[in-house]
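*Asks:* Submitted below is the structure of interest, expressed as structure tokens.
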Amino acid sequence: MKIALIDLKRQYETIREEADAQILEVLHSANYIMGNHVKTFEREFAEYIGVQHAISVANGTDALVMALKALGIGEGDEVITTTFTFFATAESISFVGATPVFVDVEKDSYNMDPTKIEAAITEKTKAIMPVHIFGYACDMDKINKIAKAHGLYVIEDCAQASGTMYKGKKVGALSDIATFSFFPTKNLGCAGDGGMIVTDSDDLACILKAYRVHGSGENGQRAYNLIHGIEDEITVDQSTDNTVYNPLKYYNYLVGHNSRLDEVQAALLRVKLRKLDEWNMRRSEIAEIYNAELAETAYVTPYRDAHTEHIYHMYILQTEERLKVLEELAAREIATGVYYPVPMHLQKVYRDLGYKEGDFPVAEYLSERTFAIPMFAELMDDEIEYIVECLKEIR
Ligand SMILES: *Cc1c(COP(=O)(O)O)cnc(C)c1O
């Protein structure tokens, strides 16, 4: 039985009719940039997460970069983050000219270890960037408490955690700014690249909207005034029809980006957002089966405590004999993945930061043992059974 790690085709089949209709409607409308679907999806997503503002962008990496820029983080600043994550987290910090400062993770949750944060804080530290890895929430109460005590911003990287609950709230609603990715394989994914930034701050939302489109126009002017502390009346000429030509576009106030979510992607994401909770629930259900079936084996199953609902972006196991297990699963046509083989502090690109092997023993330990097995809402019961059977047979 051949089983993919994530089967996007099956997911598409479940929404095909509605998705096709919505996407075609956009094509026919010829309204491709920042149209009604984008505006509506932003409102719907903000409501879903429980925040005031959602600003859609071109991808999850841009979302992180712009979040950092909006907080004024750049050259000479330090941002504390986890060493056990996807590269984009650290990359965004480097991209704005700041330095990523890594901390180790908890052995059970795989998330940033809050007890390691304080020792990493220096005069230059501006923010903490926790990542809800594999869809499991970080201990945000502890992280926020440390941030508050030291006057630091918190930016949640929620790329893997669309819909994760922490103490009754959605992740993304627990910090100054949070970012999401809609890369196709994420729990909420589009048909290409997409991302979102969420915040409760009116000022940050304005600055982010300006950065998204070249720092131009009315938002650019407002953002410029906010950043420079200028209290200036902004007069907007209401008589222009800006659907075709907006003269304000050609007045620039900040060096920004061209990073928008396409109208086609927004139309699809609106269809998928309505399914997200159901899909996440099915993932949990599958995880419960995996957990129960593998409880008495040598595999280490994912951790969960009472206050966090895991949405299992990835279902991660640990084994002492990873190479052998992966080979045996491949021979049985079960796809696997290794997340992540090299922690950030040991990546070549960061050799100049001066980290060495042994600096973060938990992340290094995990990077040699963890692997992902198939996890998506459309996995069928006989496939789950087969996967469990094979895993038991191997070890
Ligand atoms: C996927 C991911 C990103 C980047 O998102 P893109 O949309 O691919 O740019 C950032 N952080 C984490 C933890 C991710 O998993």
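By convention here, the chains of the structure tokens are called A, B, ... in the order presented, each chain's residues are numbered starting at 1, and ligands are numbered starting at 1 in the order presented.
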Applying 12 Å and only C-alpha atoms, which residues near A:Glu233 remain after dropping the ones on its own chain fewer than 3 positions away? List them as number ranges by chain.
*Replies:* A: 218, 221-222, 225-226, 230, 236
*Asks:* Would you save the residues from that selection as a PDB file, in the first residue's frame, using N, CA and C atoms?
*Replies:*
```
ATOM      1  N   GLU A 218      -1.786  56.098   0.775  1.00  0.00           N
ATOM      2  CA  GLU A 218      -2.309  56.624   2.032  1.00  0.00           C
ATOM      3  C   GLU A 218      -1.714  55.895   3.241  1.00  0.00           C
ATOM      4  N   GLN A 221       1.828  56.975   3.800  1.00  0.00           N
ATOM      5  CA  GLN A 221       1.918  58.289   4.443  1.00  0.00           C
ATOM      6  C   GLN A 221       1.601  58.193   5.946  1.00  0.00           C
ATOM      7  N   ARG A 222       0.569  57.448   6.262  1.00  0.00           N
ATOM      8  CA  ARG A 222       0.219  57.259   7.682  1.00  0.00           C
ATOM      9  C   ARG A 222       1.345  56.536   8.418  1.00  0.00           C
ATOM     10  N   ASN A 225       4.251  58.791   9.085  1.00  0.00           N
ATOM     11  CA  ASN A 225       3.964  59.671  10.216  1.00  0.00           C
ATOM     12  C   ASN A 225       4.066  58.920  11.548  1.00  0.00           C
ATOM     13  N   LEU A 226       3.570  57.696  11.593  1.00  0.00           N
ATOM     14  CA  LEU A 226       3.631  56.895  12.826  1.00  0.00           C
ATOM     15  C   LEU A 226       5.083  56.623  13.215  1.00  0.00           C
ATOM     16  N   ILE A 230       5.073  61.990  13.642  1.00  0.00           N
ATOM     17  CA  ILE A 230       4.523  63.229  13.081  1.00  0.00           C
ATOM     18  C   ILE A 230       2.992  63.191  13.180  1.00  0.00           C
ATOM     19  N   VAL A 236      -7.297  62.679   1.807  1.00  0.00           N
ATOM     20  CA  VAL A 236      -7.448  61.708   0.724  1.00  0.00           C
ATOM     21  C   VAL A 236      -8.490  62.229  -0.249  1.00  0.00           C
TER      22      VAL A 236
END
```
*Asks:* When you look at A:Leu204 with a cut-off of 12 Å (counting only C-alpha atoms), what residues show up, excluding the ones that are within fewer than 5 positions of it in the same chain? I need them as a PDB file with C-alpha atoms, in the first residue's frame.
*Replies:*
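Saved to out-v6.pdb:
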```pdb
ATOM      1  CA  GLN A  52      -8.187  42.941  15.259  1.00  0.00           C
ATOM      2  CA  HIS A  53      -6.149  42.883  12.060  1.00  0.00           C
ATOM      3  CA  ALA A  54      -4.997  40.363   9.485  1.00  0.00           C
ATOM      4  CA  ILE A  55      -2.691  41.563   6.713  1.00  0.00           C
ATOM      5  CA  MET A  66       7.724  42.471   7.568  1.00  0.00           C
ATOM      6  CA  ALA A  67       6.685  41.751  11.159  1.00  0.00           C
ATOM      7  CA  LEU A  68      10.271  42.377  12.279  1.00  0.00           C
ATOM      8  CA  LYS A  69      10.520  45.553  10.176  1.00  0.00           C
ATOM      9  CA  ALA A  70       7.223  46.883  11.511  1.00  0.00           C
ATOM     10  CA  LEU A  71       8.587  46.538  15.045  1.00  0.00           C
ATOM     11  CA  GLY A  72      11.640  48.534  13.992  1.00  0.00           C
ATOM     12  CA  ASP A 176       2.433  41.538  19.571  1.00  0.00           C
ATOM     13  CA  ILE A 177       2.532  40.191  16.013  1.00  0.00           C
ATOM     14  CA  ALA A 178       2.104  36.685  14.636  1.00  0.00           C
ATOM     15  CA  ILE A 197       0.405  38.673   9.570  1.00  0.00           C
ATOM     16  CA  VAL A 198      -1.967  39.275  12.484  1.00  0.00           C
ATOM     17  CA  THR A 199      -1.932  41.885  15.239  1.00  0.00           C
ATOM     18  CA  LYS A 209      -0.113  47.449   4.995  1.00  0.00           C
ATOM     19  CA  ALA A 210       2.331  50.107   3.838  1.00  0.00           C
ATOM     20  CA  TYR A 211       5.307  47.737   3.720  1.00  0.00           C
ATOM     21  CA  ASN A 219      -1.064  53.802   4.269  1.00  0.00           C
ATOM     22  CA  ARG A 222       0.219  57.259   7.682  1.00  0.00           C
ATOM     23  CA  ALA A 223       2.965  54.705   8.386  1.00  0.00           C
ATOM     24  CA  TYR A 224       5.637  57.349   7.739  1.00  0.00           C
ATOM     25  CA  LEU A 226       3.631  56.895  12.826  1.00  0.00           C
ATOM     26  CA  ILE A 227       7.272  55.855  12.482  1.00  0.00           C
TER      27      ILE A 227
END
```
*Asks:* To one decimal in Å, tell me the separation between atom CA of A:Met344 and atom CA of A:Asp157.
*Replies:*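 For atom CA of A:Met344 relative to atom CA of A:Asp157, the distance reads 15.3 Å.
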*Asks:* Would you mind writing down, as a PyMOL selection string, each residue of stretch 145-203 of chain A that DSSP on the backbone assigns to strand (DSSP E or B)?
*Replies:* chain A and resi 153-157+165-166+169-170+177-181+195-199
*Asks:* Go ahead and write the selection's residues with N, CA and C atoms as a short mmCIF file (atom, residue, chain, number, x, y, z; two decimals), in the first residue's frame.
*Replies:*
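Heads up, here's the output in selection.cif:
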```cif
data_model
loop_
_atom_site.label_atom_id
_atom_site.label_comp_id
_atom_site.auth_asym_id
_atom_site.auth_seq_id
_atom_site.Cartn_x
_atom_site.Cartn_y
_atom_site.Cartn_z
N TYR A 153 9.56 42.56 22.58
CA TYR A 153 8.41 42.16 21.77
C TYR A 153 8.37 40.65 21.66
N VAL A 154 7.17 40.13 21.38
CA VAL A 154 7.04 38.70 21.06
C VAL A 154 6.39 38.58 19.69
N ILE A 155 7.04 37.81 18.82
CA ILE A 155 6.51 37.53 17.48
C ILE A 155 6.32 36.01 17.39
N GLU A 156 5.07 35.57 17.24
CA GLU A 156 4.82 34.13 17.11
C GLU A 156 4.96 33.72 15.65
N ASP A 157 5.75 32.70 15.39
CA ASP A 157 5.78 32.08 14.07
C ASP A 157 4.78 30.92 14.09
N MET A 165 -4.99 25.70 19.56
CA MET A 165 -5.52 26.40 20.74
C MET A 165 -4.53 26.28 21.90
N TYR A 166 -4.38 27.38 22.63
CA TYR A 166 -3.58 27.39 23.85
C TYR A 166 -4.40 28.08 24.93
N LYS A 169 -7.40 30.09 23.72
CA LYS A 169 -7.21 31.09 22.67
C LYS A 169 -6.45 30.46 21.51
N LYS A 170 -6.62 31.04 20.32
CA LYS A 170 -5.86 30.55 19.18
C LYS A 170 -4.44 31.10 19.24
N ILE A 177 2.78 40.48 17.43
CA ILE A 177 2.53 40.19 16.01
C ILE A 177 2.71 38.69 15.81
N ALA A 178 1.91 38.10 14.96
CA ALA A 178 2.10 36.69 14.64
C ALA A 178 2.02 36.50 13.14
N THR A 179 2.67 35.46 12.64
CA THR A 179 2.71 35.23 11.20
C THR A 179 2.27 33.80 10.87
N PHE A 180 1.69 33.66 9.69
CA PHE A 180 1.22 32.36 9.21
C PHE A 180 1.74 32.13 7.79
N SER A 181 1.82 30.86 7.40
CA SER A 181 2.19 30.50 6.03
C SER A 181 1.07 29.67 5.44
N GLY A 195 0.75 34.04 2.69
CA GLY A 195 1.08 34.23 4.11
C GLY A 195 0.17 35.27 4.74
N MET A 196 0.24 35.36 6.07
CA MET A 196 -0.60 36.32 6.79
C MET A 196 0.14 36.82 8.02
N ILE A 197 -0.12 38.09 8.34
CA ILE A 197 0.40 38.67 9.57
C ILE A 197 -0.80 39.12 10.38
N VAL A 198 -0.84 38.82 11.65
CA VAL A 198 -1.97 39.28 12.48
C VAL A 198 -1.47 40.09 13.68
N THR A 199 -2.28 41.05 14.09
CA THR A 199 -1.93 41.89 15.24
C THR A 199 -3.19 42.58 15.76
#
```
*Asks:* Need to verify the contact set: stretch 329-339 of chain A, 12 Å, only C-alpha atoms, exclusion of same-chain residues closer than 5 positions in sequence. Can you return it as a VMD selection string?
*Replies:* chain A and resid 1 to 7 84 to 87 110 133 to 134 313 to 319 322 to 324 363 to 364 366 to 375 383 to 384 386 to 395
*Asks:* Output C-alpha atoms for every residue in the selection just made, as an mmCIF file, in the first residue's frame.
*Replies:*
```cif
data_model
loop_
_atom_site.group_PDB
_atom_site.id
_atom_site.type_symbol
_atom_site.label_atom_id
_atom_site.label_comp_id
_atom_site.auth_asym_id
_atom_site.auth_seq_id
_atom_site.Cartn_x
_atom_site.Cartn_y
_atom_site.Cartn_z
ATOM 1 C CA MET A 1 0.000 0.000 0.000
ATOM 2 C CA LYS A 2 1.598 3.259 -1.177
ATOM 3 C CA ILE A 3 1.006 6.131 1.249
ATOM 4 C CA ALA A 4 2.175 9.723 0.850
ATOM 5 C CA LEU A 5 3.364 11.897 3.730
ATOM 6 C CA ILE A 6 0.706 14.436 2.727
ATOM 7 C CA ASP A 7 -1.694 13.792 -0.157
ATOM 8 C CA PHE A 84 14.859 23.551 16.143
ATOM 9 C CA THR A 85 12.773 25.078 13.345
ATOM 10 C CA PHE A 86 12.493 25.626 9.609
ATOM 11 C CA PHE A 87 15.193 27.962 8.298
ATOM 12 C CA TYR A 110 10.122 20.218 20.876
ATOM 13 C CA ILE A 133 6.594 23.607 16.014
ATOM 14 C CA PHE A 134 4.679 20.801 14.298
ATOM 15 C CA HIS A 313 0.951 19.765 11.252
ATOM 16 C CA MET A 314 3.407 16.866 11.395
ATOM 17 C CA TYR A 315 3.105 13.659 13.377
ATOM 18 C CA ILE A 316 6.590 13.139 14.773
ATOM 19 C CA LEU A 317 8.049 9.975 16.261
ATOM 20 C CA GLN A 318 11.473 9.344 17.760
ATOM 21 C CA THR A 319 13.585 6.268 17.323
ATOM 22 C CA ARG A 322 16.134 6.183 12.388
ATOM 23 C CA LEU A 323 18.044 5.148 9.295
ATOM 24 C CA LYS A 324 16.847 1.559 9.576
ATOM 25 C CA ALA A 363 17.883 19.902 19.671
ATOM 26 C CA GLU A 364 20.922 17.947 18.525
ATOM 27 C CA LEU A 366 16.193 15.267 18.435
ATOM 28 C CA SER A 367 17.716 16.075 15.049
ATOM 29 C CA GLU A 368 19.180 12.569 15.019
ATOM 30 C CA ARG A 369 16.045 10.747 16.138
ATOM 31 C CA THR A 370 12.860 12.434 14.930
ATOM 32 C CA PHE A 371 10.923 11.550 11.801
ATOM 33 C CA ALA A 372 7.438 12.226 10.430
ATOM 34 C CA ILE A 373 4.945 9.614 9.276
ATOM 35 C CA PRO A 374 1.914 10.248 7.024
ATOM 36 C CA MET A 375 -0.517 12.759 8.507
ATOM 37 C CA GLU A 383 -3.966 3.047 5.729
ATOM 38 C CA ILE A 384 -3.540 4.089 9.358
ATOM 39 C CA TYR A 386 -1.168 -0.533 7.760
ATOM 40 C CA ILE A 387 1.229 2.208 8.906
ATOM 41 C CA VAL A 388 0.909 1.126 12.538
ATOM 42 C CA GLU A 389 1.368 -2.531 11.613
ATOM 43 C CA CYS A 390 4.518 -1.785 9.650
ATOM 44 C CA LEU A 391 5.961 0.367 12.405
ATOM 45 C CA LYS A 392 5.392 -2.411 14.943
ATOM 46 C CA GLU A 393 6.866 -5.023 12.645
ATOM 47 C CA ILE A 394 10.043 -3.000 12.140
ATOM 48 C CA ARG A 395 10.721 -2.363 15.817
#
```
*Asks:* What is the distance between atom 15 (O, counted along the ligand's line) of ligand 1 and atom CA of A:Glu285, in Å to one decimal?
*Replies:* 22.2 Å
*Asks:* Any residue with an atom at most 6 Å from ligand 1 counts, using only C-alpha atoms and all ligand atoms. Which are they? Put them as a list in words.
*Replies:*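 Those within range of ligand 1 are Asn59, Gly60, Thr61, Thr85, Phe86, Ala88, Thr89, Val131, Asp157, Ala159, Gln160, Ser181, Phe182, Phe183, Asp193, Gly194 and Gly195 of chain A.
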*Asks:* Could you please take those selected residues and save N, CA and C atoms as a PDB file, in the first residue's frame?
*Replies:*
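Generated file (selection-v9.pdb):
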```pdb
ATOM      1  N   ASN A  59       3.909  35.260   1.266  1.00  0.00           N
ATOM      2  CA  ASN A  59       4.344  33.980   1.838  1.00  0.00           C
ATOM      3  C   ASN A  59       4.682  34.155   3.314  1.00  0.00           C
ATOM      4  N   GLY A  60       4.933  33.053   3.989  1.00  0.00           N
ATOM      5  CA  GLY A  60       5.194  33.094   5.431  1.00  0.00           C
ATOM      6  C   GLY A  60       6.533  33.708   5.793  1.00  0.00           C
ATOM      7  N   THR A  61       7.484  33.619   4.881  1.00  0.00           N
ATOM      8  CA  THR A  61       8.804  34.210   5.140  1.00  0.00           C
ATOM      9  C   THR A  61       8.717  35.734   5.081  1.00  0.00           C
ATOM     10  N   THR A  85      13.855  24.515  14.152  1.00  0.00           N
ATOM     11  CA  THR A  85      12.773  25.078  13.345  1.00  0.00           C
ATOM     12  C   THR A  85      13.136  25.008  11.872  1.00  0.00           C
ATOM     13  N   PHE A  86      12.205  25.468  11.032  1.00  0.00           N
ATOM     14  CA  PHE A  86      12.493  25.626   9.609  1.00  0.00           C
ATOM     15  C   PHE A  86      13.313  26.899   9.438  1.00  0.00           C
ATOM     16  N   ALA A  88      13.384  29.471   7.609  1.00  0.00           N
ATOM     17  CA  ALA A  88      12.778  30.791   7.391  1.00  0.00           C
ATOM     18  C   ALA A  88      12.692  31.615   8.680  1.00  0.00           C
ATOM     19  N   THR A  89      12.491  30.955   9.802  1.00  0.00           N
ATOM     20  CA  THR A  89      12.397  31.661  11.082  1.00  0.00           C
ATOM     21  C   THR A  89      13.675  32.472  11.321  1.00  0.00           C
ATOM     22  N   VAL A 131       8.283  29.550  17.972  1.00  0.00           N
ATOM     23  CA  VAL A 131       7.690  28.833  16.835  1.00  0.00           C
ATOM     24  C   VAL A 131       6.851  27.686  17.410  1.00  0.00           C
ATOM     25  N   ASP A 157       5.750  32.700  15.393  1.00  0.00           N
ATOM     26  CA  ASP A 157       5.784  32.083  14.066  1.00  0.00           C
ATOM     27  C   ASP A 157       4.784  30.921  14.089  1.00  0.00           C
ATOM     28  N   ALA A 159       3.475  29.419  11.432  1.00  0.00           N
ATOM     29  CA  ALA A 159       3.420  28.808  10.091  1.00  0.00           C
ATOM     30  C   ALA A 159       2.874  27.380  10.125  1.00  0.00           C
ATOM     31  N   GLN A 160       3.127  26.671  11.223  1.00  0.00           N
ATOM     32  CA  GLN A 160       2.698  25.270  11.312  1.00  0.00           C
ATOM     33  C   GLN A 160       1.491  25.100  12.223  1.00  0.00           C
ATOM     34  N   SER A 181       1.821  30.864   7.400  1.00  0.00           N
ATOM     35  CA  SER A 181       2.188  30.499   6.034  1.00  0.00           C
ATOM     36  C   SER A 181       1.066  29.668   5.439  1.00  0.00           C
ATOM     37  N   PHE A 182       0.776  29.926   4.168  1.00  0.00           N
ATOM     38  CA  PHE A 182      -0.221  29.106   3.459  1.00  0.00           C
ATOM     39  C   PHE A 182       0.436  28.284   2.361  1.00  0.00           C
ATOM     40  N   PHE A 183       1.700  27.942   2.546  1.00  0.00           N
ATOM     41  CA  PHE A 183       2.380  26.998   1.662  1.00  0.00           C
ATOM     42  C   PHE A 183       1.492  25.755   1.553  1.00  0.00           C
ATOM     43  N   ASP A 193       2.024  30.014  -3.097  1.00  0.00           N
ATOM     44  CA  ASP A 193       2.534  30.640  -1.883  1.00  0.00           C
ATOM     45  C   ASP A 193       1.547  31.658  -1.340  1.00  0.00           C
ATOM     46  N   GLY A 194       1.532  31.792  -0.026  1.00  0.00           N
ATOM     47  CA  GLY A 194       0.695  32.792   0.624  1.00  0.00           C
ATOM     48  C   GLY A 194       1.084  32.911   2.077  1.00  0.00           C
ATOM     49  N   GLY A 195       0.755  34.044   2.690  1.00  0.00           N
ATOM     50  CA  GLY A 195       1.075  34.229   4.106  1.00  0.00           C
ATOM     51  C   GLY A 195       0.170  35.266   4.740  1.00  0.00           C
TER      52      GLY A 195
END
```
*Asks:* Name all residues at most 10 Å from A:Ile15 (count only C-alpha atoms; drop same-chain ones fewer than 2 positions away) and give them as a list in words.
*Replies:*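 In the requested form, the answer reads Arg10, Gln11, Tyr12, Glu13, Glu17, Glu18, Ala19, Asp20, Leu268, Val271, Lys272 and Lys275 of chain A.
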*Asks:* Would you save the residues from that selection as a tab-separated table (two decimals), in the first residue's frame, using all heavy atoms?
*Replies:*
```tsv
chain	number	residue	atom	x	y	z
A	10	ARG	N	-5.93	14.46	-2.63
A	10	ARG	CA	-7.14	13.99	-1.94
A	10	ARG	C	-7.87	15.14	-1.27
A	10	ARG	O	-9.09	15.19	-1.26
A	10	ARG	CB	-6.75	12.97	-0.87
A	10	ARG	CG	-6.69	11.58	-1.40
A	10	ARG	CD	-6.72	10.63	-0.22
A	10	ARG	NE	-5.89	9.48	-0.52
A	10	ARG	CZ	-5.52	8.58	0.34
A	10	ARG	NH1	-5.88	8.69	1.62
A	10	ARG	NH2	-4.79	7.56	-0.01
A	11	GLN	N	-7.10	16.04	-0.69
A	11	GLN	CA	-7.74	17.19	-0.03
A	11	GLN	C	-8.49	18.03	-1.07
A	11	GLN	O	-9.63	18.42	-0.85
A	11	GLN	CB	-6.69	18.06	0.67
A	11	GLN	CG	-7.33	19.16	1.50
A	11	GLN	CD	-6.32	20.22	1.91
A	11	GLN	OE1	-5.67	20.84	1.09
A	11	GLN	NE2	-6.19	20.41	3.21
A	12	TYR	N	-7.82	18.24	-2.20
A	12	TYR	CA	-8.45	19.04	-3.26
A	12	TYR	C	-9.76	18.39	-3.71
A	12	TYR	O	-10.76	19.08	-3.93
A	12	TYR	CB	-7.48	19.21	-4.43
A	12	TYR	CG	-8.10	19.78	-5.67
A	12	TYR	CD1	-8.62	21.07	-5.66
A	12	TYR	CD2	-8.20	19.03	-6.83
A	12	TYR	CE1	-9.22	21.60	-6.79
A	12	TYR	CE2	-8.80	19.54	-7.96
A	12	TYR	CZ	-9.31	20.83	-7.94
A	12	TYR	OH	-9.91	21.34	-9.05
A	13	GLU	N	-9.77	17.08	-3.84
A	13	GLU	CA	-10.99	16.40	-4.30
A	13	GLU	C	-12.19	16.69	-3.38
A	13	GLU	O	-13.32	16.75	-3.84
A	13	GLU	CB	-10.76	14.88	-4.40
A	13	GLU	CG	-9.89	14.45	-5.58
A	13	GLU	CD	-10.42	14.90	-6.94
A	13	GLU	OE1	-11.64	15.05	-7.09
A	13	GLU	OE2	-9.59	15.12	-7.85
A	17	GLU	N	-15.40	21.14	-6.27
A	17	GLU	CA	-16.47	21.90	-6.93
A	17	GLU	C	-16.46	23.37	-6.52
A	17	GLU	O	-16.44	24.27	-7.35
A	17	GLU	CB	-17.82	21.28	-6.57
A	17	GLU	CG	-18.58	20.81	-7.79
A	17	GLU	CD	-19.75	19.96	-7.38
A	17	GLU	OE1	-20.79	20.56	-7.07
A	17	GLU	OE2	-19.59	18.73	-7.34
A	18	GLU	N	-16.44	23.55	-5.20
A	18	GLU	CA	-16.50	24.92	-4.67
A	18	GLU	C	-15.24	25.70	-5.02
A	18	GLU	O	-15.29	26.86	-5.42
A	18	GLU	CB	-16.69	24.87	-3.15
A	18	GLU	CG	-17.36	26.10	-2.62
A	18	GLU	CD	-17.47	26.08	-1.10
A	18	GLU	OE1	-17.29	25.00	-0.50
A	18	GLU	OE2	-17.72	27.14	-0.54
A	19	ALA	N	-14.09	25.04	-4.89
A	19	ALA	CA	-12.81	25.70	-5.16
A	19	ALA	C	-12.75	26.12	-6.63
A	19	ALA	O	-12.39	27.26	-6.95
A	19	ALA	CB	-11.66	24.77	-4.81
A	20	ASP	N	-13.09	25.20	-7.52
A	20	ASP	CA	-13.04	25.51	-8.96
A	20	ASP	C	-13.95	26.69	-9.29
A	20	ASP	O	-13.57	27.59	-10.04
A	20	ASP	CB	-13.47	24.29	-9.79
A	20	ASP	CG	-12.40	23.21	-9.81
A	20	ASP	OD1	-11.40	23.37	-9.07
A	20	ASP	OD2	-12.55	22.22	-10.54
A	268	LEU	N	-9.50	30.66	-2.80
A	268	LEU	CA	-9.33	29.26	-2.40
A	268	LEU	C	-9.22	29.14	-0.87
A	268	LEU	O	-9.82	28.25	-0.26
A	268	LEU	CB	-8.08	28.68	-3.07
A	268	LEU	CG	-7.71	27.25	-2.69
A	268	LEU	CD1	-8.82	26.27	-3.07
A	268	LEU	CD2	-6.40	26.84	-3.37
A	271	VAL	N	-12.47	29.13	0.99
A	271	VAL	CA	-13.14	27.82	0.96
A	271	VAL	C	-12.52	26.90	2.01
A	271	VAL	O	-13.21	26.23	2.78
A	271	VAL	CB	-13.03	27.18	-0.45
A	271	VAL	CG1	-13.60	25.77	-0.45
A	271	VAL	CG2	-13.73	28.05	-1.49
A	272	LYS	N	-11.19	26.90	2.05
A	272	LYS	CA	-10.48	25.98	2.95
A	272	LYS	C	-10.59	26.36	4.42
A	272	LYS	O	-10.61	25.49	5.28
A	272	LYS	CB	-9.01	25.91	2.55
A	272	LYS	CG	-8.76	25.14	1.27
A	272	LYS	CD	-7.27	24.84	1.17
A	272	LYS	CE	-6.95	23.92	0.01
A	272	LYS	NZ	-5.57	23.43	0.12
A	275	LYS	N	-13.15	24.73	6.33
A	275	LYS	CA	-12.94	23.29	6.59
A	275	LYS	C	-11.86	23.05	7.64
A	275	LYS	O	-11.67	21.91	8.08
A	275	LYS	CB	-12.45	22.61	5.30
A	275	LYS	CG	-13.44	22.61	4.18
A	275	LYS	CD	-14.32	21.40	4.31
A	275	LYS	CE	-15.22	21.27	3.11
A	275	LYS	NZ	-16.11	20.12	3.27
```
*Asks:* Give the answer as one residue: which of A:Ile80, A:Ile146, A:Glu385, A:Phe45 has the shortest atom-to-atom distance to A:Leu294, using only C-alpha atoms?
*Replies:* A:Glu385
*Asks:* Skipping near chain neighbours, those fewer than 4 positions away, what residues fall within 9 Å of stretch 276-282 of chain A using only C-alpha atoms, listed as a ChimeraX atom specification?
*Replies:* /A:162-164,187-188,272,286-287,310-313,376-378
*Asks:* If we count only C-alpha atoms and set the cut-off at 8 Å, which residues sit around A:His345, ignoring sequence neighbours fewer than 3 positions away in its own chain? Please answer as a list in words.
*Replies:*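 The residues that qualify are Thr83, Phe102, Tyr350, Arg351, Tyr355 and Lys356 of chain A.
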*Asks:* Can you tell me which residues surround A:His37 at a distance of at most 6 Å, considering only C-alpha atoms, apart from same-chain residues fewer than 6 positions away, and format the answer as a ChimeraX atom specification?
*Replies:* /A:263,266-267
*Asks:* Okay, now the selection with N, CA and C atoms, as a PDB file, in the first residue's frame?
*Replies:*
```
ATOM      1  N   GLU A 263      -5.508  37.285  -5.419  1.00  0.00           N
ATOM      2  CA  GLU A 263      -6.959  37.151  -5.305  1.00  0.00           C
ATOM      3  C   GLU A 263      -7.399  35.679  -5.477  1.00  0.00           C
ATOM      4  N   ALA A 266      -6.658  33.836  -2.291  1.00  0.00           N
ATOM      5  CA  ALA A 266      -7.590  34.236  -1.231  1.00  0.00           C
ATOM      6  C   ALA A 266      -8.935  33.549  -1.421  1.00  0.00           C
ATOM      7  N   ALA A 267      -9.367  33.447  -2.691  1.00  0.00           N
ATOM      8  CA  ALA A 267     -10.650  32.793  -2.970  1.00  0.00           C
ATOM      9  C   ALA A 267     -10.606  31.333  -2.515  1.00  0.00           C
TER      10      ALA A 267
END
```
